[in-house]
$ cat work_7.cif   # mmCIF, C-alpha atoms and all ligand atoms
data_model
loop_
_atom_site.label_atom_id
_atom_site.label_comp_id
_atom_site.auth_asym_id
_atom_site.auth_seq_id
_atom_site.Cartn_x
_atom_site.Cartn_y
_atom_site.Cartn_z
CA MET A 1 178.48 -139.63 1.13
CA ILE A 2 176.60 -140.62 4.22
CA SER A 3 178.10 -141.92 7.48
CA ASP A 4 177.56 -145.57 8.41
CA LYS A 5 175.76 -144.50 11.56
CA MET A 6 173.36 -142.22 9.73
CA GLN A 7 172.74 -144.89 7.11
CA LYS A 8 171.92 -147.40 9.86
CA GLU A 9 169.48 -145.01 11.51
CA LEU A 10 167.80 -144.13 8.23
CA ASN A 11 167.36 -147.85 7.62
CA GLU A 12 165.71 -148.12 11.04
CA GLN A 13 163.38 -145.32 9.97
CA ILE A 14 162.60 -147.30 6.81
CA ALA A 15 161.53 -150.20 9.04
CA LEU A 16 159.35 -147.91 11.18
CA GLU A 17 157.59 -146.40 8.15
CA GLY A 18 157.16 -149.88 6.67
CA TYR A 19 155.62 -151.13 9.89
CA ALA A 20 153.23 -148.15 9.95
CA SER A 21 152.13 -149.10 6.44
CA TYR A 22 151.41 -152.70 7.54
CA LEU A 23 149.74 -151.62 10.77
CA TYR A 24 147.35 -149.30 8.93
CA LEU A 25 146.65 -151.99 6.35
CA SER A 26 145.71 -154.39 9.14
CA MET A 27 143.54 -151.72 10.73
CA ALA A 28 141.84 -151.05 7.37
CA SER A 29 140.98 -154.73 7.14
CA TRP A 30 139.56 -154.80 10.67
CA CYS A 31 137.42 -151.70 9.95
CA ARG A 32 136.06 -153.32 6.82
CA SER A 33 135.13 -156.43 8.80
CA GLN A 34 133.13 -154.16 11.12
CA GLY A 35 131.29 -152.51 8.22
CA LEU A 36 133.24 -149.26 8.65
CA GLU A 37 133.93 -148.56 4.98
CA GLY A 38 134.88 -144.90 5.45
CA CYS A 39 137.42 -145.73 8.17
CA SER A 40 138.76 -148.57 6.05
CA ARG A 41 139.29 -146.36 3.00
CA PHE A 42 140.98 -143.71 5.15
CA LEU A 43 143.39 -146.26 6.63
CA HIS A 44 144.16 -147.73 3.22
CA ARG A 45 145.17 -144.26 2.09
CA GLN A 46 147.33 -143.83 5.20
CA SER A 47 148.93 -147.19 4.56
CA GLU A 48 149.85 -146.13 1.02
CA GLU A 49 151.24 -142.86 2.34
CA GLU A 50 153.48 -144.67 4.82
CA ARG A 51 154.77 -146.90 2.06
CA MET A 52 155.64 -143.77 0.11
CA HIS A 53 157.43 -142.38 3.21
CA MET A 54 159.44 -145.59 3.37
CA LEU A 55 160.36 -145.47 -0.33
CA LYS A 56 161.37 -141.83 -0.12
CA ILE A 57 164.18 -142.83 2.29
CA PHE A 58 165.17 -145.67 -0.06
CA PHE A 59 165.61 -143.21 -2.92
CA TYR A 60 167.47 -140.76 -0.70
CA LEU A 61 169.96 -143.41 0.41
CA ASP A 62 170.51 -144.34 -3.25
CA GLU A 63 171.13 -140.72 -4.10
CA VAL A 64 173.79 -140.27 -1.41
CA ASN A 65 175.54 -143.48 -2.35
CA GLY A 66 174.22 -145.32 0.69
CA ARG A 67 172.55 -148.69 0.94
CA ALA A 68 168.85 -149.06 1.73
CA VAL A 69 167.72 -152.30 3.35
CA ALA A 70 164.26 -153.80 2.79
CA PRO A 71 162.94 -154.43 6.31
CA GLY A 72 161.55 -157.74 7.58
CA ILE A 73 157.79 -157.80 7.95
CA LYS A 74 156.71 -157.73 11.58
CA GLN A 75 153.16 -158.95 12.07
CA PRO A 76 150.90 -156.07 13.19
CA PRO A 77 147.89 -156.68 15.50
CA GLN A 78 144.83 -158.13 13.75
CA GLU A 79 142.13 -157.31 16.27
CA PHE A 80 141.17 -154.01 17.86
CA GLU A 81 138.99 -153.31 20.85
CA SER A 82 137.06 -150.42 19.31
CA VAL A 83 137.36 -147.75 16.68
CA ARG A 84 138.39 -145.31 19.38
CA SER A 85 141.22 -147.47 20.67
CA LEU A 86 142.29 -148.12 17.08
CA PHE A 87 142.71 -144.40 16.38
CA GLU A 88 144.42 -143.95 19.75
CA GLN A 89 146.95 -146.51 18.55
CA VAL A 90 147.37 -144.67 15.24
CA TYR A 91 148.03 -141.45 17.12
CA ALA A 92 150.51 -143.15 19.47
CA HIS A 93 152.34 -144.65 16.49
CA GLU A 94 152.56 -141.27 14.78
CA GLN A 95 154.01 -139.78 17.97
CA LYS A 96 156.62 -142.53 18.02
CA VAL A 97 157.51 -141.76 14.39
CA THR A 98 157.79 -138.04 15.19
CA ALA A 99 160.16 -138.76 18.10
CA SER A 100 162.28 -140.92 15.82
CA ILE A 101 162.42 -138.23 13.10
CA ASN A 102 163.41 -135.64 15.70
CA LYS A 103 166.27 -137.85 16.84
CA LEU A 104 167.45 -138.21 13.25
CA VAL A 105 167.34 -134.44 12.77
CA THR A 106 169.46 -133.94 15.90
CA LYS A 107 171.92 -136.55 14.72
CA SER A 108 172.21 -134.99 11.26
CA LEU A 109 173.09 -131.66 12.86
CA LYS A 110 175.66 -133.25 15.14
CA GLU A 111 177.30 -134.85 12.11
CA ASP A 112 177.14 -131.65 10.07
CA ASP A 113 175.20 -133.65 7.51
CA HIS A 114 173.23 -130.80 5.98
CA SER A 115 171.94 -132.87 3.12
CA THR A 116 170.21 -135.33 5.46
CA TYR A 117 169.06 -132.47 7.67
CA ASN A 118 167.46 -130.86 4.66
CA PHE A 119 165.91 -134.12 3.50
CA LEU A 120 164.37 -134.72 6.93
CA GLN A 121 162.56 -131.38 7.01
CA TRP A 122 159.88 -132.85 4.74
CA TYR A 123 159.21 -135.49 7.42
CA VAL A 124 159.12 -132.91 10.20
CA GLU A 125 156.31 -131.11 8.39
CA GLU A 126 154.53 -134.32 7.42
CA GLN A 127 154.51 -135.53 11.03
CA ARG A 128 153.13 -132.24 12.28
CA GLU A 129 150.26 -132.57 9.77
CA GLU A 130 149.63 -136.24 10.55
CA GLU A 131 149.59 -135.77 14.31
CA SER A 132 147.20 -132.86 13.92
CA LEU A 133 144.92 -134.92 11.65
CA MET A 134 144.84 -137.85 14.09
CA ARG A 135 144.06 -135.51 16.98
CA THR A 136 141.17 -134.06 14.98
CA ILE A 137 139.81 -137.55 14.35
CA LEU A 138 140.10 -138.48 18.03
CA ASP A 139 138.36 -135.24 19.05
CA LYS A 140 135.51 -136.06 16.69
CA ILE A 141 135.22 -139.59 18.06
CA ARG A 142 135.10 -138.19 21.60
CA LEU A 143 132.39 -135.71 20.59
CA ILE A 144 130.28 -138.21 18.68
CA GLY A 145 130.88 -141.07 21.15
CA ASP A 146 131.74 -144.57 19.98
CA GLY A 147 128.72 -146.55 21.07
CA PRO A 148 126.96 -148.72 18.43
CA GLN A 149 124.67 -145.84 17.39
CA SER A 150 127.59 -143.50 16.84
CA LEU A 151 129.68 -145.71 14.57
CA TYR A 152 127.68 -144.74 11.49
CA TYR A 153 128.45 -141.05 12.10
CA ILE A 154 132.12 -141.68 12.84
CA ASP A 155 132.37 -143.59 9.58
CA LYS A 156 130.73 -140.74 7.65
CA GLU A 157 133.20 -138.27 9.20
CA LEU A 158 136.12 -140.42 8.10
CA GLU A 159 134.62 -140.58 4.61
CA VAL A 160 134.62 -136.77 4.49
CA ILE A 161 138.19 -136.52 5.86
CA ASN A 162 139.34 -139.07 3.30
CA ALA A 163 137.71 -137.16 0.43
CA GLN A 164 139.39 -133.95 1.63
CA ALA A 165 142.76 -135.70 1.75
CA ALA A 166 142.23 -137.07 -1.78
CA GLN A 167 141.37 -133.61 -3.03
CA ALA A 168 144.39 -132.05 -1.32
CA GLU A 169 146.63 -134.69 -2.88
CA GLY A 170 145.12 -134.03 -6.30
CA GLU A 171 145.75 -130.32 -5.89
CA ALA A 172 149.33 -130.91 -4.76
CA ALA A 173 150.05 -133.24 -7.73
FE1 LIG A 201 153.38 -140.68 9.58
O1 LIG A 201 154.79 -141.86 9.62
FE2 LIG A 201 155.51 -141.67 8.00
O2 LIG A 201 156.53 -140.22 8.30
#
$ encode --input "work_7.cif" --output "structure tokens" --more "lines below"
Ligand code: OFO
Amino acid sequence: MISDKMQKELNEQIALEGYASYLYLSMASWCRSQGLEGCSRFLHRQSEEERMHMLKIFFYLDEVNGRAVAPGIKQPPQEFESVRSLFEQVYAHEQKVTASINKLVTKSLKEDDHSTYNFLQWYVEEQREEESLMRTILDKIRLIGDGPQSLYYIDKELEVINAQAAQAEGEAA
């Protein structure tokens, strides 16, 4: 059995993960409109991952006899200044998600809710990996530069990162 407070906060996390999924989907579409196919494919994958993060909390709430709420769809931005600012926004969003997960972990400990604490450890690890990945991408963009001549190389890098992520997923499955 889960407390009402914890259920409410897990539902807020559902909304945050759902928004991340929509934000990355919107970003994928913008990248495609700029001819950045590699970036677009990478962001589509991230969008799917965030949807999975959202659903994981749904299933957890079901399991502990709680009630998961499907969040309203908040419109994400449609336009982005540059590929660099886009990935800066991805990184900022991931940091926000990490802060939110950390708060949930603290709350679960305060409530002696070891089941939720245990469940959240998966997210703690996931966020560490995602923040590290986004930092790597931003470092590469800084190294390559994001002028018109550099976009081709940035896109190729994202293609490689995406293929590595696909392979890692395949190996984990
Ligand atoms: Fe990376 O946001 Fe989900 O957990």
$ closest_residue --input "work_7.cif" --among "A:Tyr60, A:Ser85, A:His53, A:Ile14" --to "Asn118 (chain A)" --atoms "all atoms listed in the file"
A:Tyr60
$ residues_near_point --input "work_7.cif" --point "(140.0, -156.8, 9.5)" --cutoff "12 Å" --atoms "only C-alpha atoms" --output "list in words"
Leu23, Tyr24, Leu25, Ser26, Met27, Ala28, Ser29, Trp30, Cys31, Arg32, Ser33, Gln34, Gly35, Leu36, Glu37, Cys39, Ser40, Leu43, His44, Pro76, Pro77, Gln78, Glu79, Phe80, Glu81, Val83 and Leu86 of chain A
$ residues_near_ligand --input "work_7.cif" --ligand "ligand LIG 201 (chain A)" --cutoff "9 Å" --atoms "only C-alpha atoms and all ligand atoms" --output "VMD selection string"
chain A and resid 13 16 to 18 20 to 21 46 49 to 54 93 to 98 101 122 to 124 126 to 131
$ closest_residue --input "work_7.cif" --among "A:Gln149, A:Asn102, A:Thr136, A:Ser82" --to "Ile161 (chain A)" --atoms "all atoms listed in the file"
A:Thr136
$ atom_distance --input "work_7.cif" --atom1 "CA of Ala165 (chain A)" --atom2 "CA of Tyr91 (chain A)"
17.2 Å
$ closest_residue --input "work_7.cif" --among "A:Tyr22, A:Asn65, A:Asp4, A:Gln121" --to "Arg45 (chain A)" --atoms "all atoms listed in the file"
A:Tyr22
$ residues_around --input "work_7.cif" --residues "Lys107 (chain A)" --least-positions-apart "6" --cutoff "12 Å" --atoms "all atoms listed in the file" --output "list in words"
Ser3, Lys5, Met6, Gln7, Lys8, Glu9, Leu10, Ser100, Ile101, Asp113, His114, Thr116, Tyr117 and Leu120 of chain A
$ closest_residue --input "work_7.cif" --among "A:Leu61, A:Phe42, A:Ser115, A:Pro71" --to "Leu133 (chain A)" --atoms "only C-alpha atoms"
A:Phe42
$ closest_residue --input "work_7.cif" --among "A:Val105, A:Leu138, A:Val160, A:Ala68" --to "Val90 (chain A)" --atoms "all atoms listed in the file"
A:Leu138
$ closest_residue --input "work_7.cif" --among "A:Gly38, A:Ile57, A:Gly145, A:Gln89" --to "Glu159 (chain A)" --atoms "all atoms listed in the file"
A:Gly38
$ atom_distance --input "work_7.cif" --atom1 "CA of Leu109 (chain A)" --atom2 "CA of Met1 (chain A)"
15.2 Å
